[in-house]
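**Q** Structure supplied as entry.pdb; contents: PDB, C-alpha atoms and all ligand atoms.
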ATOM      1  CA  MET A  23       0.000   0.000   0.000
ATOM      2  CA  SER A  24       1.277   3.441  -0.794
ATOM      3  CA  VAL A  25      -0.129   6.539   0.793
ATOM      4  CA  PRO A  26       1.187  10.058   0.306
ATOM      5  CA  LYS A  27       2.552  11.477   3.514
ATOM      6  CA  ASP A  28      -0.211  14.042   3.850
ATOM      7  CA  LYS A  29      -2.860  11.324   3.927
ATOM      8  CA  MET A  30      -1.459   9.349   6.835
ATOM      9  CA  THR A  31      -0.285  10.739  10.110
ATOM     10  CA  PHE A  32       2.962   9.222  11.314
ATOM     11  CA  TYR A  33       3.020   8.618  15.053
ATOM     12  CA  PRO A  34       6.627   8.229  16.232
ATOM     13  CA  SER A  35       5.424   6.520  19.404
ATOM     14  CA  LYS A  36       4.000   3.696  17.270
ATOM     15  CA  ALA A  37       7.210   3.229  15.303
ATOM     16  CA  ARG A  38      10.317   1.285  16.129
ATOM     17  CA  ARG A  39      13.291   1.597  13.831
ATOM     18  CA  SER A  40      14.450  -1.751  12.474
ATOM     19  CA  LYS A  41      18.077  -2.384  11.616
ATOM     20  CA  ALA A  42      17.053  -5.860  10.434
ATOM     21  CA  LEU A  43      14.622  -4.434   7.872
ATOM     22  CA  GLU A  44      17.253  -1.897   6.826
ATOM     23  CA  SER A  45      19.696  -4.750   6.207
ATOM     24  CA  TRP A  46      17.123  -6.546   4.086
ATOM     25  CA  PHE A  47      16.435  -3.302   2.223
ATOM     26  CA  ALA A  48      20.162  -2.925   1.492
ATOM     27  CA  TYR A  49      20.364  -6.532   0.315
ATOM     28  CA  TYR A  50      17.350  -6.272  -2.016
ATOM     29  CA  ASN A  51      18.479  -2.873  -3.252
ATOM     30  CA  GLN A  52      21.846  -4.283  -4.273
ATOM     31  CA  ALA A  53      20.633  -7.653  -5.554
ATOM     32  CA  PHE A  54      17.524  -6.592  -7.459
ATOM     33  CA  PHE A  55      17.392  -2.808  -7.852
ATOM     34  CA  GLY A  56      20.971  -2.087  -8.947
ATOM     35  CA  ASN A  57      21.424  -0.049  -5.741
ATOM     36  CA  LYS A  58      19.322   2.685  -7.335
ATOM     37  CA  LEU A  59      16.877   3.177  -4.475
ATOM     38  CA  LYS A  60      17.865   5.871  -2.032
ATOM     39  CA  PRO A  61      18.180   4.393   1.477
ATOM     40  CA  VAL A  62      15.205   5.155   3.689
ATOM     41  CA  THR A  63      14.462   4.585   7.336
ATOM     42  CA  LEU A  64      12.657   1.321   8.040
ATOM     43  CA  TYR A  65      10.233   0.906  10.917
ATOM     44  CA  TRP A  66       8.083  -1.747  12.492
ATOM     45  CA  TYR A  67       4.835   0.129  12.877
ATOM     46  CA  GLU A  68       1.685  -0.286  14.901
ATOM     47  CA  PHE A  69      -0.981   0.544  12.333
ATOM     48  CA  ARG A  70      -4.455   1.501  13.414
ATOM     49  CA  LYS A  71      -5.785  -0.938  10.800
ATOM     50  CA  VAL A  72      -4.374  -4.331  11.755
ATOM     51  CA  ASN A  73      -4.714  -5.652   8.198
ATOM     52  CA  ARG A  74      -2.474  -2.959   6.723
ATOM     53  CA  HIS A  75       0.847  -4.585   5.857
ATOM     54  CA  GLY A  76       2.984  -1.614   5.020
ATOM     55  CA  VAL A  77       3.254   1.937   3.777
ATOM     56  CA  THR A  78       5.855   3.923   1.902
ATOM     57  CA  MET A  79       6.097   7.489   3.151
ATOM     58  CA  PHE A  80       6.856  10.255   0.669
ATOM     59  CA  ASP A  81       7.823  13.875   1.177
ATOM     60  CA  GLN A  82       4.572  15.729   0.791
ATOM     61  CA  GLY A  83       3.746  16.446  -2.821
ATOM     62  CA  THR A  84       6.847  14.720  -4.181
ATOM     63  CA  THR A  85       7.922  11.275  -5.340
ATOM     64  CA  ARG A  86      10.814  11.314  -2.850
ATOM     65  CA  SER A  87      10.356   8.462  -0.383
ATOM     66  CA  THR A  88      11.522   8.945   3.182
ATOM     67  CA  ALA A  89      10.535   5.831   5.100
ATOM     68  CA  ILE A  90       8.909   2.430   4.870
ATOM     69  CA  LEU A  91       6.632   1.246   7.635
ATOM     70  CA  VAL A  92       5.998  -2.480   8.019
ATOM     71  CA  ASN A  93       3.264  -3.792  10.300
ATOM     72  CA  LYS A  94       4.888  -4.892  13.536
ATOM     73  CA  ASN A  95       2.576  -7.906  13.633
ATOM     74  CA  LEU A  96       4.622  -9.305  10.727
ATOM     75  CA  LYS A  97       7.800  -9.209  12.781
ATOM     76  CA  ASN A  98       7.595 -12.913  13.545
ATOM     77  CA  ALA A  99       6.378 -13.830  10.077
ATOM     78  CA  SER A 100       9.460 -12.873   8.143
ATOM     79  CA  CYS A 101       8.214 -14.121   4.766
ATOM     80  CA  TYR A 102       5.279 -11.729   4.892
ATOM     81  CA  ALA A 103       7.439  -8.930   6.242
ATOM     82  CA  LEU A 104       9.883  -9.369   3.342
ATOM     83  CA  GLN A 105       7.100  -9.618   0.766
ATOM     84  CA  THR A 106       5.750  -6.371   2.203
ATOM     85  CA  LEU A 107       9.200  -4.782   2.059
ATOM     86  CA  LEU A 108       9.569  -5.721  -1.622
ATOM     87  CA  HIS A 109       6.072  -4.392  -2.309
ATOM     88  CA  GLU A 110       6.995  -1.043  -0.765
ATOM     89  CA  MET A 111      10.322  -0.964  -2.619
ATOM     90  CA  ILE A 112       8.356  -1.254  -5.863
ATOM     91  CA  HIS A 113       6.398   1.822  -4.755
ATOM     92  CA  MET A 114       9.712   3.607  -4.211
ATOM     93  CA  LYS A 115      10.907   2.719  -7.695
ATOM     94  CA  LYS A 116       7.545   3.450  -9.340
ATOM     95  CA  PRO A 117       6.126   6.228  -7.152
ATOM     96  CA  ARG A 118       3.347   7.121  -9.551
ATOM     97  CA  ALA A 119       2.309   3.597 -10.518
ATOM     98  CA  MET A 120       0.092   2.907  -7.488
ATOM     99  CA  HIS A 121      -1.004  -0.715  -8.118
ATOM    100  CA  GLY A 122      -1.413  -0.313 -11.871
ATOM    101  CA  PRO A 123       0.284  -2.050 -14.824
ATOM    102  CA  ALA A 124       3.736  -0.521 -14.181
ATOM    103  CA  PHE A 125       3.613  -1.829 -10.625
ATOM    104  CA  HIS A 126       2.752  -5.355 -11.752
ATOM    105  CA  LYS A 127       5.369  -5.270 -14.487
ATOM    106  CA  GLU A 128       8.009  -4.448 -11.894
ATOM    107  CA  LYS A 129       6.706  -7.139  -9.552
ATOM    108  CA  LEU A 130       6.957  -9.684 -12.358
ATOM    109  CA  ARG A 131      10.515  -8.550 -13.077
ATOM    110  CA  LEU A 132      11.430  -9.150  -9.418
ATOM    111  CA  LEU A 133       9.717 -12.528  -9.450
ATOM    112  CA  LYS A 134      11.665 -13.632 -12.518
ATOM    113  CA  ALA A 135      14.902 -12.314 -11.027
ATOM    114  CA  GLY A 136      14.376 -14.518  -7.980
ATOM    115  CA  ALA A 137      13.617 -11.865  -5.386
ATOM    116  CA  TYR A 138      10.706 -13.925  -4.039
ATOM    117  CA  ASN A 139      12.604 -17.203  -3.880
ATOM    118  CA  ASN A 140      12.224 -18.695  -0.408
ATOM    119  CA  ILE A 141       9.694 -16.118   0.748
ATOM    120  CA  VAL A 142       6.547 -17.270  -1.064
TER     121      VAL A 142
HETATM  122 ZN    ZN B 201       0.934  -0.908  -2.326
END
Starting from the coordinates I provided, produce the structure as C-alpha cells.
**A**
Amino acid sequence: MSVPKDKMTFYPSKARRSKALESWFAYYNQAFFGNKLKPVTLYWYEFRKVNRHGVTMFDQGTTRSTAILVNKNLKNASCYALQTLLHEMIHMKKPRAMHGPAFHKEKLRLLKAGAYNNIV
C-alpha cells in the first residue's frame, strides 16, 4: 500500500526503527534494484488498521520516499514482512504507478529475477 505522507499521520510513538529491515532493504536494493533506491528509514509500525501490511512514506507532494513502515505484527512472520518490504520498494521505484500495470510489471521482473525465492 502506498499513501502520500499528507494522507497518513505518522506517530513516532507507534514506530520502532528496524536495523534488520534496513539490512534486508540494502540486500534487495543491491541484488535486485541495482542499488538505485535511495536508502530510507525502516520501521516496524503499529498501524491503526491491523490488516495494513505496510506503507511507503513520501515527502509531501513529491515522489521522494523517506521511510517504509511495516506492520509490527509481521515481525515474527518474516516471509510476509519481506514480501511487504519488496512491495513497498516497488512503490519507491515506481512512485506514480500505485497498483497499476507498471507496478505489476516491476513485480513480475522481481519474481523472474528470484527476489521472491524462499519467501513465497
Ligand atoms: Zn501498495
**Q** Counting all atoms listed in the file, which residues have an atom no more than 10 Å from (4.8, -4.2, 2.8) in the file's coordinates? Please list them as a list in words.
**A**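 Residues with an atom close enough to that point: Met23, Ser24, Arg74, His75, Gly76, Val77, Thr78, Ile90, Leu91, Val92, Asn93, Leu96, Tyr102, Ala103, Leu104, Gln105, Thr106, Leu107, Leu108, His109, Glu110, Met111, Ile112 and His113 of chain A.
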**Q** Nearest residue to ligand ZN 201 (chain B) out of A:His126, A:His121, A:Arg131, A:Arg39, using only C-alpha atoms and all ligand atoms?
**A**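 Checking each of A:His126, A:His121, A:Arg131, A:Arg39 against ligand ZN 201 (chain B), counting only C-alpha atoms and all ligand atoms, the winner is A:His121.
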**Q** Choose the residue, out of A:Leu43, A:Val62, A:Ala48, A:Met79, that has the smallest atom-to-atom separation from ligand ZN 201 (chain B); count all atoms listed in the file.
**A**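 The shortest atom-to-atom distance to ligand ZN 201 (chain B) comes from A:Met79.
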**Q** Could you tell me which of A:Ile141, A:Cys101, A:Ala119, A:Ala135 comes closest to A:Phe55 if we count only C-alpha atoms?
**A**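 Result for the nearest residue to A:Phe55: A:Ala135.
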**Q** Taking into account all atoms listed in the file, which residue in the set A:Val142, A:Arg118, A:Phe54, A:Thr63 is nearest to ligand ZN 201 (chain B)?
**A**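 Closest to ligand ZN 201 (chain B), using all atoms listed in the file: A:Arg118.
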**Q** Could you tell me how far atom CA of A:Glu68 sits from atom CA of A:Ala42, in Å to one decimal place?
**A**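 Atom CA of A:Glu68 lies 16.9 Å from atom CA of A:Ala42.
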**Q** Under the rule that all atoms listed in the file are counted, which of A:Lys127, A:Arg70, A:Lys134, A:Lys60 is the nearest residue to A:Ala89?
**A**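 Checking each of A:Lys127, A:Arg70, A:Lys134, A:Lys60 against A:Ala89, counting all atoms listed in the file, the winner is A:Lys60.
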**Q** Between atom CA of A:Arg86 and atom ZN of ligand ZN 201 (chain B), what distance in Å does the model show, to one decimal?
**A**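 About the pair atom CA of A:Arg86 and atom ZN of ligand ZN 201 (chain B): they are 15.7 Å apart.
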**Q** Return the single residue from A:Glu44, A:Leu132, A:Tyr138, A:Lys116 that is closest to ligand ZN 201 (chain B), with distances computed using only C-alpha atoms and all ligand atoms.
**A**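 Among the listed residues, the smallest separation from ligand ZN 201 (chain B) belongs to A:Lys116.
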**Q** What is the atom CA of A:Gly122 to atom CA of A:Leu64 distance in Å?
**A**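 Interatomic distance, atom CA of A:Gly122 to atom CA of A:Leu64: 24.4 Å.
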**Q** Evaluate the PyMOL selection byres (((chain A and resi 34) around 12) and not hetatm) and record the selected residues as a ChimeraX atom specification, following the chain and residue labels used in the document.
**A** /A:31-33,35-39,65-69,91
